[in-house]
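Printed here is data_0.cif (mmCIF, C-alpha atoms):
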```cif
data_structure
loop_
_atom_site.label_atom_id
_atom_site.label_comp_id
_atom_site.auth_asym_id
_atom_site.auth_seq_id
_atom_site.Cartn_x
_atom_site.Cartn_y
_atom_site.Cartn_z
CA MET A 1 52.96 53.94 25.78
CA GLY A 2 56.35 55.62 25.60
CA LYS A 3 58.23 56.33 28.81
CA LYS A 4 58.24 60.11 28.23
CA LYS A 5 54.48 60.16 27.57
CA SER A 6 53.71 58.06 30.65
CA GLU A 7 55.98 60.28 32.78
CA LYS A 8 53.77 63.28 31.97
CA SER A 9 50.63 61.31 32.86
CA ILE A 10 52.21 60.13 36.11
CA GLU A 11 53.14 63.73 36.96
CA LEU A 12 49.56 64.92 36.36
CA LEU A 13 48.07 61.98 38.23
CA ASN A 14 50.29 62.72 41.24
CA LYS A 15 49.23 66.39 41.14
CA ALA A 16 45.64 65.18 41.25
CA VAL A 17 46.43 62.85 44.17
CA SER A 18 47.85 65.84 46.05
CA ASP A 19 44.76 67.96 45.32
CA GLU A 20 42.43 65.17 46.38
CA LEU A 21 44.35 64.54 49.61
CA LEU A 22 44.16 68.22 50.51
CA ALA A 23 40.43 68.18 49.77
CA ILE A 24 39.96 65.15 52.05
CA HIS A 25 41.74 66.89 54.92
CA GLN A 26 39.89 70.17 54.32
CA TYR A 27 36.47 68.53 54.14
CA MET A 28 37.05 66.42 57.23
CA TYR A 29 38.13 69.57 59.08
CA PHE A 30 34.86 71.20 58.00
CA HIS A 31 32.94 68.03 58.90
CA PHE A 32 34.33 68.01 62.46
CA HIS A 33 33.45 71.66 63.03
CA CYS A 34 29.96 71.43 61.50
CA ASP A 35 29.27 68.28 63.50
CA ASP A 36 30.41 70.03 66.68
CA LEU A 37 28.03 72.91 65.93
CA GLY A 38 25.10 70.55 65.32
CA TYR A 39 24.88 71.24 61.57
CA ASP A 40 24.23 67.62 60.66
CA LEU A 41 23.34 68.18 57.00
CA LEU A 42 26.49 70.18 56.28
CA ALA A 43 28.63 67.84 58.38
CA GLY A 44 27.25 64.88 56.44
CA LEU A 45 27.85 66.56 53.08
CA PHE A 46 31.47 67.32 53.94
CA LYS A 47 32.07 63.77 55.20
CA LYS A 48 30.40 62.18 52.17
CA THR A 49 32.41 64.36 49.81
CA ALA A 50 35.67 63.53 51.63
CA ILE A 51 34.92 59.83 51.23
CA GLU A 52 34.26 60.32 47.51
CA GLU A 53 37.58 62.15 47.25
CA MET A 54 39.23 59.11 48.88
CA THR A 55 37.89 56.93 46.07
CA HIS A 56 39.43 59.42 43.61
CA VAL A 57 42.84 58.97 45.29
CA GLU A 58 42.47 55.22 44.94
CA LEU A 59 41.55 55.45 41.26
CA LEU A 60 44.40 57.86 40.50
CA SER A 61 46.89 55.75 42.45
CA GLU A 62 45.90 52.57 40.62
CA ARG A 63 46.54 54.31 37.29
CA ILE A 64 49.93 55.62 38.48
CA LEU A 65 50.97 52.11 39.47
CA PHE A 66 49.70 50.69 36.17
CA LEU A 67 51.93 53.22 34.38
CA LYS A 68 54.86 51.95 36.53
CA GLY A 69 55.08 55.16 38.51
CA ASP A 70 55.11 55.73 42.24
CA VAL A 71 52.26 57.34 44.16
CA GLU A 72 53.77 60.33 45.92
CA MET A 73 51.02 61.02 48.51
CA LYS A 74 52.27 64.61 49.01
CA ILE A 75 49.85 67.29 50.09
CA VAL A 76 50.64 70.69 48.62
CA GLY A 77 48.91 73.38 50.65
CA ASP A 78 47.42 73.66 54.11
CA VAL A 79 43.99 73.11 55.57
CA GLN A 80 42.26 76.46 55.91
CA LYS A 81 41.04 77.09 59.47
CA ILE A 82 37.60 78.35 58.52
CA HIS A 83 34.87 78.16 61.19
CA ASP A 84 31.99 80.03 59.55
CA PRO A 85 29.73 77.50 57.77
CA LYS A 86 28.97 79.81 54.87
CA GLU A 87 32.69 80.43 54.32
CA MET A 88 33.34 76.69 54.54
CA VAL A 89 30.85 76.00 51.77
CA LYS A 90 32.22 78.87 49.68
CA CYS A 91 35.76 77.49 50.07
CA ALA A 92 34.61 73.99 49.14
CA ALA A 93 32.82 75.24 46.03
CA GLN A 94 35.96 77.11 44.95
CA MET A 95 38.09 74.02 45.51
CA GLU A 96 35.75 71.88 43.39
CA ASP A 97 35.58 74.49 40.64
CA HIS A 98 39.38 74.72 40.56
CA SER A 99 39.75 70.91 40.45
CA ALA A 100 37.26 70.59 37.59
CA ALA A 101 39.20 73.20 35.59
CA ASP A 102 42.54 71.47 36.28
CA TYR A 103 41.19 68.03 35.39
CA ASN A 104 39.74 69.37 32.12
CA GLU A 105 43.13 70.81 31.23
CA TRP A 106 44.96 67.64 32.25
CA ALA A 107 42.57 65.46 30.23
CA ASN A 108 43.53 67.51 27.19
CA GLU A 109 47.24 67.11 27.96
CA CYS A 110 46.79 63.35 28.25
CA ALA A 111 44.94 63.30 24.92
CA ALA A 112 47.85 65.19 23.33
CA ASN A 113 50.16 62.47 24.68
CA SER A 114 47.97 59.65 23.32
CA ASP A 115 46.97 58.46 26.81
CA SER A 116 43.23 57.92 26.40
CA ALA A 117 42.83 55.90 29.60
CA THR A 118 44.22 58.65 31.84
CA LYS A 119 42.27 61.22 29.80
CA LYS A 120 39.06 59.31 30.60
CA ILE A 121 39.91 59.18 34.31
CA PHE A 122 40.32 62.96 34.35
CA GLU A 123 37.10 63.44 32.39
CA ASP A 124 35.21 61.24 34.87
CA LEU A 125 36.70 63.22 37.75
CA VAL A 126 35.48 66.45 36.13
CA THR A 127 31.94 65.05 36.29
CA ASP A 128 32.31 64.25 40.01
CA GLU A 129 33.90 67.61 40.84
CA GLU A 130 31.14 69.47 38.99
CA ARG A 131 28.53 67.49 40.96
CA HIS A 132 30.30 68.38 44.21
CA PHE A 133 30.42 72.03 43.12
CA ASP A 134 26.68 71.94 42.43
CA GLN A 135 25.99 70.49 45.90
CA PHE A 136 28.04 73.19 47.60
CA GLU A 137 26.49 75.88 45.42
CA THR A 138 23.02 74.65 46.45
CA GLU A 139 24.05 74.92 50.10
CA MET A 140 25.27 78.50 49.53
CA GLU A 141 21.97 79.36 47.85
CA ASN A 142 20.03 77.85 50.77
CA MET A 143 22.03 79.91 53.25
CA ASP A 144 21.45 83.05 51.18
CA LYS A 145 17.74 82.32 50.80
CA PHE A 146 16.99 81.22 54.36
CA GLY A 147 19.77 82.96 56.29
CA GLU A 148 20.54 81.87 59.82
CA LYS A 149 17.27 79.93 59.92
CA TYR A 150 18.76 77.32 57.60
CA LEU A 151 21.54 76.47 60.04
CA ALA A 152 19.28 76.83 63.08
CA LEU A 153 16.90 74.23 61.66
CA GLN A 154 19.77 71.75 61.37
CA SER A 155 20.68 72.28 65.03
CA ILE A 156 17.05 71.97 66.11
CA GLU A 157 16.70 68.67 64.26
CA ARG A 158 19.71 67.28 66.10
CA SER A 159 18.34 68.52 69.42
CA LYS A 160 15.05 66.74 68.72
CA LEU A 161 16.88 63.52 67.91
CA VAL A 162 19.11 63.69 70.98
CA SER A 163 16.29 64.49 73.37
CA SER A 164 13.72 62.02 72.01
CA PRO A 165 12.93 58.98 74.19
CA ALA A 166 13.91 56.65 71.32
CA ALA A 167 17.44 58.06 71.34
CA LYS A 168 17.99 57.10 74.99
#
```

Would you kindly transcribe this structure into structure tokens?
Amino acid sequence: MGKKKSEKSIELLNKAVSDELLAIHQYMYFHFHCDDLGYDLLAGLFKKTAIEEMTHVELLSERILFLKGDVEMKIVGDVQKIHDPKEMVKCAAQMEDHSAADYNEWANECAANSDSATKKIFEDLVTDEERHFDQFETEMENMDKFGEKYLALQSIERSKLVSSPAAK
């Protein structure tokens, strides 16, 4: 692959690394707050998604190094200090939707530069981001359908676990 073509791929891969790093930080922030509030299902979803985003960073970084680039590890943007669970899920869904759109576009750019391997990485990431979006969208629908009861049930479940004799 020509140097100029690989430079474009490296640039796009590093943009994706930045997006994924921001997502990791954002989702762990949400995880900590949901865990503190006793919302175990939401806390678990945010943590699981953050871990999946870490595997994306690893995959992207391996490709950058293969292309003889350097992994920049820069985060562009700040963690949003959202404390309302419904707003957290809404933010996460928007982030995933935005990432899927970017990765689709970047896959096409890589195809135009005859970089099928990087194109495939972006296409695979689109699949993951769309799955994450669907999970967050399901959570938003549950909150809309069940209201405060949905979150209350998560807290009650934790209380039952903490207070059960087996937990002691």

Would you kindly translate the PyMOL selection byres ((chain A and resi 131) around 12) into the concrete residues it picks from this file, as a PyMOL selection string?
chain A and resi 49+52+93+96-97+99-100+124-130+132-138

Work out how far CA of Asp115 (chain A) is from CA of Ile64 (chain A), in Å to one decimal.
12.4 Å

Lys68 (chain A) surroundings by only C-alpha atoms, 10 Å radius, close-in-sequence under 6 positions cut, as a ChimeraX atom specification
/A:3,6-7,10,62

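Ranking A:Asp35, A:Asn14, A:Val89, A:Ile121 by their shortest atom-to-atom distance to Asn142 (chain A), with all atoms listed in the file included, puts A:Val89 first.
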
For this file, the PyMOL selection byres ((chain A and resi 19-31) around 8) selects which residues, as a ChimeraX atom specification?
/A:15-18,32-35,42-47,49-51,53-54,56-57,73-80,82-83,88,92,95,99

Shell of 12 Å around Glu105 (chain A), all atoms listed in the file, local chain residues under 2 positions omitted, as a PDB file with C-alpha atoms, in the frame of the given file:
```
ATOM      1  CA  LEU A  12      49.560  64.920  36.360  1.00  0.00           C
ATOM      2  CA  ALA A  16      45.640  65.180  41.250  1.00  0.00           C
ATOM      3  CA  HIS A  98      39.380  74.720  40.560  1.00  0.00           C
ATOM      4  CA  SER A  99      39.750  70.910  40.450  1.00  0.00           C
ATOM      5  CA  ALA A 100      37.260  70.590  37.590  1.00  0.00           C
ATOM      6  CA  ALA A 101      39.200  73.200  35.590  1.00  0.00           C
ATOM      7  CA  ASP A 102      42.540  71.470  36.280  1.00  0.00           C
ATOM      8  CA  TYR A 103      41.190  68.030  35.390  1.00  0.00           C
ATOM      9  CA  ALA A 107      42.570  65.460  30.230  1.00  0.00           C
ATOM     10  CA  ASN A 108      43.530  67.510  27.190  1.00  0.00           C
ATOM     11  CA  GLU A 109      47.240  67.110  27.960  1.00  0.00           C
ATOM     12  CA  CYS A 110      46.790  63.350  28.250  1.00  0.00           C
ATOM     13  CA  ALA A 111      44.940  63.300  24.920  1.00  0.00           C
ATOM     14  CA  ALA A 112      47.850  65.190  23.330  1.00  0.00           C
ATOM     15  CA  LYS A 119      42.270  61.220  29.800  1.00  0.00           C
ATOM     16  CA  PHE A 122      40.320  62.960  34.350  1.00  0.00           C
ATOM     17  CA  GLU A 123      37.100  63.440  32.390  1.00  0.00           C
ATOM     18  CA  LEU A 125      36.700  63.220  37.750  1.00  0.00           C
ATOM     19  CA  VAL A 126      35.480  66.450  36.130  1.00  0.00           C
TER      20      VAL A 126
END
```

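Atom pair CA of Asp36 (chain A) / CA of Cys91 (chain A): separated by 19.0 Å.
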
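Put simply, CA of Pro85 (chain A) is 16.3 Å away from CA of Lys48 (chain A).
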
Among listed residues A:Asp70, A:Asp40, A:Glu11, A:Glu141, nearest Lys90 (chain A) (using all atoms listed in the file):
A:Glu141
